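Peer 1: A single structure is presented below for examination.
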Amino acid sequence: AVIVAMAPVIDCWYVASLDASVCDRGASAEAIVACLQAVSDSLTVSSFDDVAGATAAALENACAGDRVVIFGSFFTVAAAKTFFEDVGCCAAN
């Protein structure tokens, strides 16, 4: 349901698996990619082993005026927050 709601407003998807030692309930990046492709085979999707890698890639590929939206479970957002703290970015607040 979330993918269907978000698909029209997201140009590029950067999906990641969660660290299994922190959360063993999350879907793998591969499973998320399969769900996205089931909604539309025209979506631009990149898959990563972890949230930090996905976040770094999204930021690297973002252009002026783009928004990087991080969503999923609390574990996903917490991992992204840790990434921002590690790189010293104010976006962690």
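Chain labels follow the order of the structure tokens: the first chain is A, the next B, and so on; residue numbering restarts at 1 in every chain, and ligands are counted from 1 in their shown order.
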When you look at A:Phe75 with a cut-off of 9 Å (counting only C-alpha atoms), what residues show up, excluding the ones that are within fewer than 6 positions of it in the same chain? I need them as a list of chain:residue names.
Peer 2: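 Everything that qualifies: A:Leu18, A:Asp19, A:Val22, A:Cys23, A:Gly26.
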Peer 1: Would you output that residue set with N, CA and C atoms, as a PDB file, in the first residue's frame?
Peer 2:
ATOM      1  N   LEU A  18      17.750  -4.020   6.035  1.00  0.00           N
ATOM      2  CA  LEU A  18      18.094  -3.598   7.390  1.00  0.00           C
ATOM      3  C   LEU A  18      19.123  -4.553   7.976  1.00  0.00           C
ATOM      4  N   ASP A  19      19.896  -4.057   8.914  1.00  0.00           N
ATOM      5  CA  ASP A  19      20.874  -4.871   9.629  1.00  0.00           C
ATOM      6  C   ASP A  19      20.119  -5.929  10.434  1.00  0.00           C
ATOM      7  N   VAL A  22      19.962  -5.922  14.196  1.00  0.00           N
ATOM      8  CA  VAL A  22      19.137  -4.891  14.830  1.00  0.00           C
ATOM      9  C   VAL A  22      17.654  -5.200  14.659  1.00  0.00           C
ATOM     10  N   CYS A  23      17.295  -5.649  13.464  1.00  0.00           N
ATOM     11  CA  CYS A  23      15.885  -5.924  13.160  1.00  0.00           C
ATOM     12  C   CYS A  23      15.806  -7.083  12.181  1.00  0.00           C
ATOM     13  N   GLY A  26      12.362  -6.875   8.950  1.00  0.00           N
ATOM     14  CA  GLY A  26      12.252  -6.085   7.730  1.00  0.00           C
ATOM     15  C   GLY A  26      12.419  -6.918   6.475  1.00  0.00           C
TER      16      GLY A  26
END
Peer 1: Excluding A:Phe71 and residues on its chain fewer than 4 positions from it, collect all residues at most 12 Å away from it, counting only C-alpha atoms, and give them as a ChimeraX atom specification.
Peer 2: /A:2-3,6,10,13-16,51,54-55,75-81
Peer 1: Report as a PyMOL selection string: the residues of chain A with a DSSP assignment of strand (DSSP E), based on the backbone of this structure.
Peer 2: chain A and resi 12-16+44-48
Peer 1: Considering only C-alpha atoms, return as a list in words whatever protein or nucleic-acid residues lie within 9 Å of A:Ala27, sequence-local ones (same chain, fewer than 3 positions apart) excluded.
Peer 2: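 Everything that qualifies: Ala16, Ser17, Leu18, Asp24, Glu30, Ala31 and Ile32 of chain A.
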Peer 1: Produce a file of the selected residues containing N, CA and C atoms, as a PDB file, in the first residue's frame.
Peer 2:
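Ended up saving to again_6.pdb:
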ATOM      1  N   ALA A  16      17.034  -0.508   0.678  1.00  0.00           N
ATOM      2  CA  ALA A  16      18.094  -1.149   1.446  1.00  0.00           C
ATOM      3  C   ALA A  16      17.536  -2.216   2.369  1.00  0.00           C
ATOM      4  N   SER A  17      18.368  -3.187   2.625  1.00  0.00           N
ATOM      5  CA  SER A  17      18.062  -4.174   3.655  1.00  0.00           C
ATOM      6  C   SER A  17      18.434  -3.577   5.001  1.00  0.00           C
ATOM      7  N   LEU A  18      17.750  -4.020   6.035  1.00  0.00           N
ATOM      8  CA  LEU A  18      18.094  -3.598   7.390  1.00  0.00           C
ATOM      9  C   LEU A  18      19.123  -4.553   7.976  1.00  0.00           C
ATOM     10  N   ASP A  24      15.191  -8.157  12.600  1.00  0.00           N
ATOM     11  CA  ASP A  24      15.066  -9.313  11.708  1.00  0.00           C
ATOM     12  C   ASP A  24      13.686  -9.403  11.056  1.00  0.00           C
ATOM     13  N   GLU A  30      15.992  -7.006  -1.869  1.00  0.00           N
ATOM     14  CA  GLU A  30      15.520  -7.758  -3.039  1.00  0.00           C
ATOM     15  C   GLU A  30      13.997  -7.905  -3.034  1.00  0.00           C
ATOM     16  N   ALA A  31      13.422  -8.149  -1.863  1.00  0.00           N
ATOM     17  CA  ALA A  31      11.966  -8.274  -1.758  1.00  0.00           C
ATOM     18  C   ALA A  31      11.280  -6.944  -2.046  1.00  0.00           C
ATOM     19  N   ILE A  32      11.886  -5.850  -1.579  1.00  0.00           N
ATOM     20  CA  ILE A  32      11.311  -4.524  -1.841  1.00  0.00           C
ATOM     21  C   ILE A  32      11.378  -4.211  -3.329  1.00  0.00           C
TER      22      ILE A  32
END
Peer 1: Here is a test: counting only C-alpha atoms, which residue of A:Arg25, A:Cys89, A:Ser46, A:Asp41 is nearest to A:Asn61?
Peer 2: A:Ser46
Peer 1: Looking at A:Val9, A:Leu59, A:Ala29, A:Ala34, which one is nearest to A:Gly72, with distances taken over only C-alpha atoms?
Peer 2: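 Looking at the shortest contact to A:Gly72, the residue is A:Ala29.
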